[in-house]
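Q: Got a structure for you, protein-v1.txt, holding compact mmCIF, C-alpha atoms.
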```txt
# COMPACT_ATOMS: atom_id res chain seq x y z
CA MET A 1168 32.45 -169.66 52.71
CA ARG A 1169 32.82 -169.72 56.48
CA PRO A 1170 35.43 -167.43 58.06
CA THR A 1171 38.54 -169.16 59.35
CA PRO A 1172 39.50 -169.12 63.05
CA ILE A 1173 42.61 -167.09 62.14
CA LEU A 1174 40.48 -164.33 60.72
CA TYR A 1175 38.38 -164.24 63.85
CA LEU A 1176 41.47 -164.15 66.02
CA LEU A 1177 42.67 -161.11 64.08
CA THR A 1178 39.38 -159.27 64.30
CA GLY A 1179 38.67 -160.14 67.90
CA ILE A 1180 35.26 -161.58 67.15
CA LEU A 1181 36.02 -164.94 68.73
CA VAL A 1182 37.30 -163.27 71.86
CA CYS A 1183 34.63 -160.76 72.62
CA SER A 1184 32.34 -160.13 69.65
CA ALA A 1185 33.77 -156.65 69.08
CA PRO A 1186 31.30 -154.14 67.63
CA ASP A 1187 31.06 -153.89 63.86
CA THR A 1188 31.33 -150.18 63.06
CA SER A 1189 30.27 -150.73 59.47
CA ARG A 1190 26.67 -151.28 60.47
CA LYS A 1191 24.38 -150.28 63.29
CA THR A 1192 24.13 -153.02 65.86
CA ASP A 1193 23.03 -152.80 69.44
CA PRO A 1194 26.06 -152.28 71.72
CA LEU A 1195 24.56 -154.82 74.11
CA ALA A 1196 25.24 -157.43 71.47
CA GLU A 1197 28.85 -157.71 72.59
CA THR A 1198 29.01 -161.04 74.30
CA ALA A 1199 30.84 -162.45 77.27
CA GLY A 1200 33.86 -163.98 75.55
CA GLU A 1201 37.15 -165.43 76.94
CA LYS A 1202 41.06 -164.35 78.39
CA ILE A 1203 43.31 -164.99 81.43
CA ALA A 1204 46.14 -164.21 83.83
CA ALA A 1205 47.02 -165.65 87.24
CA ASN A 1206 46.68 -165.19 90.96
CA ASP A 1207 48.70 -166.07 94.07
CA SER A 1208 48.55 -169.49 95.72
CA GLN A 1209 46.94 -169.77 99.15
CA THR A 1210 46.48 -172.26 101.97
CA GLY A 1211 43.24 -171.90 103.92
CA ASN A 1212 42.54 -168.23 104.57
CA LYS A 1213 46.19 -167.42 105.25
CA THR A 1214 48.75 -165.93 102.92
CA THR A 1215 51.47 -168.30 101.73
CA THR A 1216 53.02 -166.47 98.78
CA ALA A 1217 52.43 -162.97 100.11
CA THR A 1218 52.92 -160.62 97.18
CA ASN A 1219 49.38 -159.85 96.01
CA SER A 1220 47.30 -161.90 98.42
CA PRO A 1221 45.04 -160.91 101.31
CA THR A 1222 45.36 -162.51 104.72
CA ASN A 1223 41.66 -163.37 104.62
CA TRP A 1224 39.92 -164.08 101.34
CA ASN A 1225 36.45 -163.97 102.83
CA ASP A 1226 36.91 -160.50 104.31
CA LEU A 1227 38.03 -159.25 100.89
CA ALA A 1228 35.08 -160.95 99.18
CA GLN A 1229 32.59 -159.45 101.61
CA LEU A 1230 34.09 -156.00 101.28
CA LEU A 1231 33.99 -156.13 97.48
CA SER A 1232 30.43 -157.47 97.46
CA GLY A 1233 29.21 -154.56 99.59
CA HIS A 1234 28.70 -156.52 102.78
CA GLU A 1235 28.07 -154.15 105.68
CA GLY A 1236 29.70 -156.44 108.24
CA VAL A 1237 33.21 -155.38 107.20
CA THR A 1238 34.36 -152.23 108.98
CA THR A 1239 35.71 -149.46 106.75
CA THR A 1240 36.01 -145.68 106.75
CA SER A 1241 37.06 -145.41 103.09
CA PRO A 1242 34.74 -143.05 101.18
CA ALA A 1243 35.36 -145.02 97.98
CA ILE A 1244 34.40 -148.31 99.61
CA LEU A 1245 31.35 -146.77 101.27
CA ARG A 1246 30.16 -145.43 97.91
CA HIS A 1247 30.79 -148.87 96.41
CA ARG A 1248 28.76 -150.44 99.23
CA ALA A 1249 25.77 -148.22 98.45
CA TYR A 1250 25.95 -149.17 94.77
CA MET A 1251 26.24 -152.87 95.53
CA LYS A 1252 23.17 -152.74 97.76
CA ASP A 1253 21.10 -151.66 94.77
CA PHE A 1254 22.93 -154.09 92.49
CA TRP A 1255 22.10 -157.10 94.66
CA ALA A 1256 18.50 -156.04 95.18
CA ARG A 1257 17.97 -155.93 91.43
CA VAL A 1258 19.91 -159.12 90.68
CA LYS A 1259 17.82 -161.04 93.19
CA LYS A 1260 14.50 -159.63 91.96
CA GLU A 1261 15.14 -159.77 88.22
CA ASN A 1262 17.37 -162.85 87.93
CA LEU A 1263 18.01 -165.08 90.93
CA GLU A 1264 14.45 -165.35 92.23
CA PRO A 1265 12.71 -166.01 88.89
CA ILE A 1266 15.44 -168.47 87.85
CA ALA A 1267 15.09 -170.29 91.18
CA ALA A 1268 11.32 -170.59 90.71
CA TRP A 1269 11.78 -171.83 87.14
CA ARG A 1270 14.48 -174.26 88.22
CA ALA A 1271 12.31 -175.75 90.98
CA GLN A 1272 9.53 -176.48 88.51
CA THR A 1273 11.64 -177.48 85.53
CA LEU A 1274 15.02 -178.98 86.31
CA PRO A 1275 14.88 -182.81 86.42
CA SER A 1276 15.85 -184.35 89.74
CA SER A 1277 18.55 -186.39 87.99
CA ALA A 1278 20.48 -183.19 87.28
CA ARG A 1279 20.74 -182.12 90.91
CA GLY A 1280 24.19 -182.43 92.40
CA ARG A 1281 25.91 -182.98 89.04
CA ASN A 1282 28.98 -180.83 88.37
CA VAL A 1283 28.89 -177.94 85.90
CA LEU A 1284 30.75 -176.89 82.75
CA TYR A 1285 30.18 -173.35 81.43
CA PRO A 1286 32.17 -172.64 78.23
CA LEU A 1287 32.49 -169.04 76.98
CA SER A 1288 31.36 -167.88 80.40
CA GLY A 1289 33.24 -164.65 80.93
CA ALA A 1290 32.95 -163.89 84.65
CA ASP A 1291 29.37 -165.13 84.91
CA PHE A 1292 29.31 -167.34 87.99
CA LEU A 1293 25.89 -165.95 88.95
CA ASN A 1294 24.05 -167.84 86.24
CA ALA A 1295 26.07 -171.01 86.73
CA TYR A 1296 25.00 -171.06 90.37
CA ALA A 1297 21.45 -169.85 89.73
CA PHE A 1298 20.68 -172.73 87.39
CA TYR A 1299 22.77 -175.39 89.13
CA PRO A 1300 23.17 -174.54 92.84
CA ASP A 1301 23.71 -178.14 93.96
CA ALA A 1302 26.97 -178.74 92.09
CA LYS A 1303 30.19 -179.44 93.97
CA GLU A 1304 32.42 -178.11 91.19
CA TYR A 1305 31.96 -175.40 88.55
CA VAL A 1306 34.36 -175.14 85.62
CA LEU A 1307 34.17 -171.86 83.72
CA ILE A 1308 36.18 -171.37 80.52
CA ALA A 1309 36.88 -167.92 79.11
CA LEU A 1310 39.64 -165.48 78.11
CA GLU A 1311 39.16 -162.53 80.48
CA PRO A 1312 42.18 -162.22 82.83
CA PRO A 1313 41.65 -163.38 86.43
CA GLY A 1314 44.04 -160.71 87.71
CA THR A 1315 45.37 -160.66 91.27
CA ALA A 1316 43.95 -159.97 94.70
CA PRO A 1317 43.59 -156.18 95.15
CA GLN A 1318 45.63 -154.73 98.01
CA LEU A 1319 43.09 -152.16 99.10
CA ASP A 1320 45.02 -151.15 102.21
CA LYS A 1321 47.89 -149.97 100.01
CA MET A 1322 45.77 -147.92 97.60
CA THR A 1323 44.92 -144.25 97.64
CA GLU A 1324 41.28 -143.23 97.63
CA VAL A 1325 41.62 -142.24 93.99
CA GLN A 1326 42.95 -145.69 93.12
CA LYS A 1327 40.22 -147.44 95.09
CA GLU A 1328 37.56 -145.35 93.40
CA ALA A 1329 38.96 -146.02 89.94
CA GLY A 1330 39.29 -149.76 90.56
CA LEU A 1331 35.89 -150.24 92.14
CA GLU A 1332 34.15 -148.16 89.50
CA SER A 1333 35.75 -150.29 86.79
CA VAL A 1334 34.55 -153.50 88.43
CA ARG A 1335 31.04 -152.07 88.75
CA SER A 1336 30.98 -151.13 85.07
CA ALA A 1337 32.07 -154.64 84.10
CA ILE A 1338 29.35 -156.47 86.04
CA GLY A 1339 26.58 -153.87 86.14
CA THR A 1340 24.72 -155.27 83.14
CA LEU A 1341 24.07 -158.49 85.07
CA ALA A 1342 21.62 -156.52 87.20
CA ARG A 1343 20.06 -154.71 84.27
CA ASN A 1344 19.89 -157.48 81.69
CA ASN A 1345 21.35 -160.69 83.16
CA TYR A 1346 24.08 -160.17 80.60
CA LEU A 1347 27.82 -159.43 80.46
CA GLN A 1348 29.27 -157.31 77.65
CA SER A 1349 32.78 -158.11 76.50
CA ARG A 1350 33.54 -154.47 75.78
CA LEU A 1351 32.68 -153.49 79.34
CA MET A 1352 34.52 -156.49 80.79
CA ALA A 1353 37.63 -155.71 78.75
CA HIS A 1354 37.63 -152.14 80.02
CA GLY A 1355 36.56 -152.87 83.58
CA PHE A 1356 38.75 -155.90 84.23
CA GLY A 1357 41.70 -154.21 82.55
CA ASN A 1358 42.13 -151.52 85.20
CA PRO A 1359 45.48 -151.61 87.09
CA TYR A 1360 44.06 -151.48 90.62
CA ILE A 1361 41.24 -154.02 90.96
CA GLY A 1362 41.59 -155.92 87.72
CA GLY A 1363 40.67 -159.26 86.22
CA THR A 1364 37.74 -161.53 86.91
CA LEU A 1365 38.87 -162.57 90.39
CA PRO A 1366 37.24 -159.53 92.06
CA ALA A 1367 34.01 -160.24 90.15
CA PHE A 1368 34.01 -163.87 91.30
CA LEU A 1369 34.64 -162.80 94.90
CA ILE A 1370 31.77 -160.31 94.65
CA MET A 1371 29.39 -162.97 93.34
CA LEU A 1372 30.41 -165.62 95.86
CA ALA A 1373 30.06 -163.31 98.86
CA GLY A 1374 26.90 -161.73 97.50
CA LEU A 1375 25.34 -165.18 97.30
CA GLY A 1376 26.24 -165.66 100.95
CA HIS A 1377 29.08 -168.13 100.47
CA THR A 1378 32.25 -168.16 102.57
CA VAL A 1379 35.43 -167.91 100.50
CA LYS A 1380 38.21 -170.05 101.96
CA ASN A 1381 41.04 -169.97 99.45
CA VAL A 1382 42.24 -168.86 96.01
CA GLU A 1383 45.13 -170.53 94.25
CA ASP A 1384 46.90 -170.64 90.88
CA VAL A 1385 46.15 -173.70 88.78
CA GLY A 1386 47.06 -175.05 85.37
CA ILE A 1387 46.32 -178.02 83.16
CA VAL A 1388 49.17 -180.52 83.03
CA GLY A 1389 48.77 -184.07 81.77
CA GLY A 1390 45.02 -183.65 81.45
CA ARG A 1391 44.61 -182.69 85.12
CA ILE A 1392 44.18 -179.50 87.13
CA VAL A 1393 47.34 -178.95 89.15
CA SER A 1394 48.61 -176.36 91.63
CA PRO A 1395 51.16 -174.81 91.30
CA PRO A 1396 50.17 -174.40 87.65
CA GLY A 1397 53.26 -175.88 86.04
CA ASN A 1398 54.43 -174.95 82.55
CA GLY A 1399 51.33 -175.86 80.55
CA ARG A 1400 49.76 -173.29 78.23
CA THR A 1401 46.42 -173.20 80.06
CA LYS A 1402 46.34 -171.58 83.49
CA GLY A 1403 43.69 -170.22 85.78
CA ILE A 1404 42.49 -169.96 89.35
CA ARG A 1405 40.67 -172.26 91.74
CA ILE A 1406 38.43 -170.77 94.42
CA SER A 1407 37.36 -172.91 97.37
CA TYR A 1408 34.26 -171.85 99.27
CA VAL A 1409 31.60 -173.06 101.68
CA ASP A 1410 28.08 -172.97 100.24
CA SER A 1411 25.67 -170.81 102.22
CA LYS A 1412 22.76 -173.25 101.84
CA ASP A 1413 24.07 -176.76 102.29
CA LYS A 1414 27.29 -175.73 104.15
CA GLU A 1415 29.35 -178.02 101.94
CA ASP A 1416 32.82 -177.31 100.53
CA LYS A 1417 32.65 -176.44 96.83
CA THR A 1418 34.99 -175.32 94.09
CA LEU A 1419 34.94 -172.75 91.29
CA ILE A 1420 37.62 -173.29 88.64
CA TYR A 1421 38.23 -170.53 86.10
CA LEU A 1422 40.47 -171.36 83.13
CA GLN A 1423 41.94 -169.55 80.18
CA MET A 1424 41.22 -171.77 77.26
CA ARG A 1425 40.65 -170.76 73.70
CA LEU A 1426 38.09 -173.20 72.41
CA GLU A 1427 39.59 -174.43 69.15
CA GLN A 1428 40.89 -177.54 67.44
CA ALA A 1429 44.18 -177.52 69.37
CA THR A 1430 42.51 -177.50 72.78
CA ALA A 1431 40.04 -180.22 71.85
CA GLU A 1432 42.47 -182.76 70.41
CA LYS A 1433 42.78 -186.04 72.33
CA THR A 1434 46.54 -185.57 72.44
CA SER A 1435 46.41 -182.12 74.09
CA ALA A 1436 46.35 -181.62 77.86
CA GLU A 1437 43.22 -179.50 77.46
CA GLY A 1438 41.46 -182.07 75.30
CA GLN A 1439 42.24 -184.79 77.81
CA TYR A 1440 40.94 -182.62 80.62
CA LEU A 1441 37.72 -181.72 78.80
CA ARG A 1442 37.03 -185.38 78.07
CA SER A 1443 37.52 -186.25 81.74
CA LEU A 1444 34.73 -183.93 82.92
CA GLY A 1445 31.54 -185.66 81.86
CA PRO A 1446 28.79 -186.25 82.49
CA ARG A 1447 28.13 -182.61 83.35
CA ASN A 1448 25.36 -180.11 83.55
CA MET A 1449 26.23 -177.47 80.98
CA LEU A 1450 25.34 -173.83 80.45
CA LEU A 1451 25.77 -171.92 77.19
CA LYS A 1452 24.72 -168.30 77.03
CA SER A 1453 25.54 -165.57 74.51
CA ALA A 1454 28.06 -167.95 72.94
CA VAL A 1455 28.69 -165.99 69.69
CA TYR A 1456 27.45 -168.90 67.51
CA ILE A 1457 31.01 -170.25 67.20
CA LEU A 1458 29.87 -173.82 67.86
CA HIS A 1459 27.99 -173.66 64.56
CA TRP A 1460 31.21 -173.27 62.55
CA ASP A 1461 32.67 -176.22 60.64
CA SER A 1462 36.09 -175.32 62.04
CA MET A 1463 34.74 -175.86 65.58
CA LYS A 1464 33.41 -179.35 64.87
CA LEU A 1465 35.80 -181.07 67.28
CA VAL A 1466 35.00 -178.65 70.10
CA HIS A 1467 31.31 -179.15 69.35
CA ASP A 1468 31.69 -182.92 69.55
CA VAL A 1469 33.63 -182.85 72.83
CA LEU A 1470 31.02 -180.63 74.48
CA MET A 1471 28.19 -182.81 73.21
CA GLU A 1472 29.94 -185.85 74.69
CA GLN A 1473 30.36 -184.26 78.11
CA GLY A 1474 26.90 -182.72 78.39
CA ASN A 1475 24.18 -184.64 80.19
CA LEU A 1476 21.82 -181.72 80.75
CA ILE A 1477 22.39 -178.65 78.58
CA ILE A 1478 20.72 -175.27 79.04
CA GLN A 1479 21.41 -172.74 76.29
CA ASP A 1480 20.06 -170.06 74.00
CA ASP A 1481 20.16 -170.24 70.21
CA SER A 1482 23.79 -169.02 70.10
CA GLY A 1483 25.09 -172.23 71.69
CA LEU A 1484 25.15 -175.69 70.13
CA PRO A 1485 23.08 -176.03 66.91
CA TYR A 1486 19.54 -177.23 67.46
CA LYS A 1487 20.01 -179.89 64.77
CA SER A 1488 22.75 -181.52 66.89
CA PHE A 1489 20.08 -182.69 69.32
CA GLN A 1490 17.77 -184.21 66.70
CA ASN A 1491 19.25 -187.71 66.80
CA GLY A 1492 16.82 -189.39 69.16
CA LYS A 1493 19.23 -189.25 72.10
CA TRP A 1494 17.87 -186.14 73.81
CA LYS A 1495 14.66 -184.99 75.45
CA GLU A 1496 13.96 -181.33 74.79
CA ARG A 1497 11.94 -178.44 76.13
CA VAL A 1498 11.93 -174.92 74.73
CA PHE A 1499 11.05 -171.72 76.57
CA GLY A 1500 10.36 -168.16 75.50
CA ASN A 1501 10.45 -166.91 71.92
CA TYR A 1502 12.63 -167.45 68.88
CA VAL A 1503 12.00 -166.33 65.32
CA ARG A 1504 15.48 -165.70 63.90
CA ALA A 1505 19.00 -164.86 65.04
CA LEU A 1506 19.88 -161.18 65.18
CA PRO A 1507 23.24 -159.58 64.32
CA VAL A 1508 25.47 -159.48 67.38
CA GLY A 1509 28.57 -157.31 67.68
CA GLY A 1510 30.95 -158.14 64.86
CA ILE A 1511 28.80 -160.99 63.50
CA PRO A 1512 26.44 -159.31 61.02
CA ASP A 1513 25.12 -162.58 59.61
CA PRO A 1514 24.65 -165.13 62.41
CA PRO A 1515 23.52 -168.65 61.50
CA GLN A 1516 19.78 -168.97 61.11
CA GLN A 1517 18.00 -172.08 62.34
CA PRO A 1518 14.64 -172.49 60.54
CA ASP A 1519 14.11 -175.86 62.22
CA LEU A 1520 14.40 -174.15 65.61
CA ALA A 1521 12.01 -171.40 64.52
CA GLU A 1522 9.48 -174.07 63.53
CA ARG A 1523 9.90 -175.78 66.90
CA PHE A 1524 9.17 -172.53 68.72
CA LYS A 1525 5.98 -172.08 66.71
CA LYS A 1526 4.55 -175.28 68.18
CA SER A 1527 4.60 -175.35 71.96
CA PRO A 1528 7.10 -173.06 73.70
CA GLU A 1529 6.78 -172.72 77.45
CA PRO A 1530 6.94 -169.38 79.31
CA LEU A 1531 10.34 -167.93 80.24
CA PRO A 1532 10.08 -165.49 83.19
CA PHE A 1533 13.57 -163.95 82.93
CA ALA A 1534 16.01 -162.53 80.39
CA TYR A 1535 18.54 -164.94 78.93
CA GLY A 1536 21.37 -164.42 76.46
CA TYR A 1537 20.80 -162.39 73.32
CA GLY A 1538 17.08 -162.21 73.99
CA ILE A 1539 17.47 -158.71 75.40
CA LEU A 1540 18.31 -157.51 71.88
CA ARG A 1541 14.83 -158.48 70.74
CA GLY A 1542 13.07 -156.69 73.58
CA LYS A 1543 11.23 -157.60 76.74
CA ASN A 1544 10.00 -161.19 76.98
CA GLN A 1545 11.81 -162.12 73.77
CA SER A 1546 14.54 -164.37 75.17
CA ASN A 1547 14.78 -168.03 74.23
CA LEU A 1548 16.08 -170.93 76.29
CA MET A 1549 16.36 -174.60 75.46
CA MET A 1550 16.88 -177.49 77.83
CA PHE A 1551 18.20 -180.77 76.49
CA GLU A 1552 18.41 -183.87 78.70
CA ARG A 1553 20.24 -186.96 77.55
CA LYS A 1554 17.89 -189.97 77.42
```
Now that the file is in, can you turn its structure into C-alpha cells?
A:
Amino acid sequence: MRPTPILYLLTGILVCSAPDTSRKTDPLAETAGEKIAANDSQTGNKTTTATNSPTNWNDLAQLLSGHEGVTTTSPAILRHRAYMKDFWARVKKENLEPIAAWRAQTLPSSARGRNVLYPLSGADFLNAYAFYPDAKEYVLIALEPPGTAPQLDKMTEVQKEAGLESVRSAIGTLARNNYLQSRLMAHGFGNPYIGGTLPAFLIMLAGLGHTVKNVEDVGIVGGRIVSPPGNGRTKGIRISYVDSKDKEDKTLIYLQMRLEQATAEKTSAEGQYLRSLGPRNMLLKSAVYILHWDSMKLVHDVLMEQGNLIIQDDSGLPYKSFQNGKWKERVFGNYVRALPVGGIPDPPQQPDLAERFKKSPEPLPFAYGYGILRGKNQSNLMMFERK
C-alpha cells in the first residue's frame, strides 16, 4: 500500500527527503525539497518599504556573489569573496560549460525562448538558467523560506561570518555535485542573519552576470500572481533582472506551494495559476519520486498538461506517462534501477525505463540529479518533447 500524503507530511519526507536513520543511505540523497516566507516590496532599485530592504539590490547581489567590484573592508565579506571565487570557477567548469555545450547540440530550436516551470526546485536557479537561458520568466516552486534582504551594514563581523558561512554551506554542493541537499538548505537558509533562499538567488543571478533590478513580495490570488501578495495561502517573491547576454528584462518567481491535491484542483487559486502557465519548458531534478504516487495523480496530470519540453531524471514524472504516442524522447547517461534516497528506502522501480536505457542512450557529460549516488558518469537524464 502506498503511503498517504499525511504520513509524509509528518515524517518530512515530502518536504526534504529527511535521512532514514534505520538504514545506511548516502547523506547526499537528501533532495532539494520545498518551504517559504516573504520579502519586502521594492520599486526599481530604490527602497519603498524600508524595513529589511537594501537601497540597491544589484549591489547586494554582487557583494553576496563575491563580485570584486563592490568595495568592502569587512574581513567576513573578503573571506566570503575568496570562497565564491573558487565556487564560481568550479560551477562554470563542472556544470555551466558542459550543460551549455550539451544544450547547443541537443535542445530543439522550438524550445528556445519558451518560459520555464521548475517544480520541487529548492533554490536551484542555476540549472533552470543553464538549460533554458532564453526564457523571459522562470517559475520555481518549493518550500524553503525566501527570507528577507540581509542588512549587512547593521551586522557585526561575527553575524556576517555566521550568515555567509550558512549560505555557503547551503549552496556549496552545487559546485561539487550540481546538487542541493535539503538538510544543508534547511540549516543554511534557517540562519537568523542571512537566511532564506533570497540570498542564494541573488548570488546566482549576479554570478551569472545579470543585473538585479528589484525584489518584491507576491502571492497567488484569483489564479494570478499579484503584488502586494494579498491574503492567499501561497506567497513568494518576484525578482526582476536584466539578462547579461541578451540585455532583456526577465523575471524569476519563487513560490511556496506544496504540490498536492488541494493546490492542483481547478477551483483553487494555485490550480488555476498552474493551468495558466503552459506551454512551458519544464525541469525536474531530484524530485523524490512523489509524482509516481497515486495520491499525486492530479498534480502529475497538471504538470503533464503544462509541459511542452520536459527535462528530468528518473525521480520526476514516470517514464510510462510519456508512452502514449504524444512525445518524442531522448535518453542520456545511465539508468539501471532507482536507489534509496534519504527517507525513501524503496523508491519506485521502472523496468521499462531500464530496458530503454539498454538500447541506445546518448552520452551525458555532467552530473544530474540522483546520479551522483551511483558514482561518476552514472547520472541519467531524459528529454521529452511534445509532438
Q: What does the distance from CA of Leu1331 in chain A to CA of Leu1307 in chain A come to in Å, to one decimal?
A: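 CA of Leu1307 in chain A lies 23.3 Å from CA of Leu1331 in chain A.
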Q: Residues near range 1338-1344 of chain A, anyone? I mean within 6 Å using only C-alpha atoms, not counting same-chain ones fewer than 2 positions away, as a ChimeraX atom specification.
A: /A:1254,1257-1258,1335-1336,1346-1347
Q: Using all atoms listed in the file, pick whichever of A:Lys1380, A:Arg1497, A:Arg1447, A:Arg1391 has the shortest atom-to-atom distance to Gln1473 in chain A.
A: A:Arg1447
Q: Excluding range 1281-1296 of chain A and any residue of its chain fewer than 3 positions from it, enumerate the residues within 6 Å of it, using all atoms listed in the file, and give them as a PyMOL selection string.
A: chain A and resi 1199-1201+1278+1299-1300+1302-1309+1364+1447-1450
Q: Here's a test: counting all atoms listed in the file, identify every protein, DNA and RNA residue with an atom at most 12 Å from (32.3, -155.8, 105.6) in the file's coordinate frame, and state them as a VMD selection string.
A: chain A and resid 1225 to 1241 1244 to 1245 1247 to 1248 1370 1373 to 1374
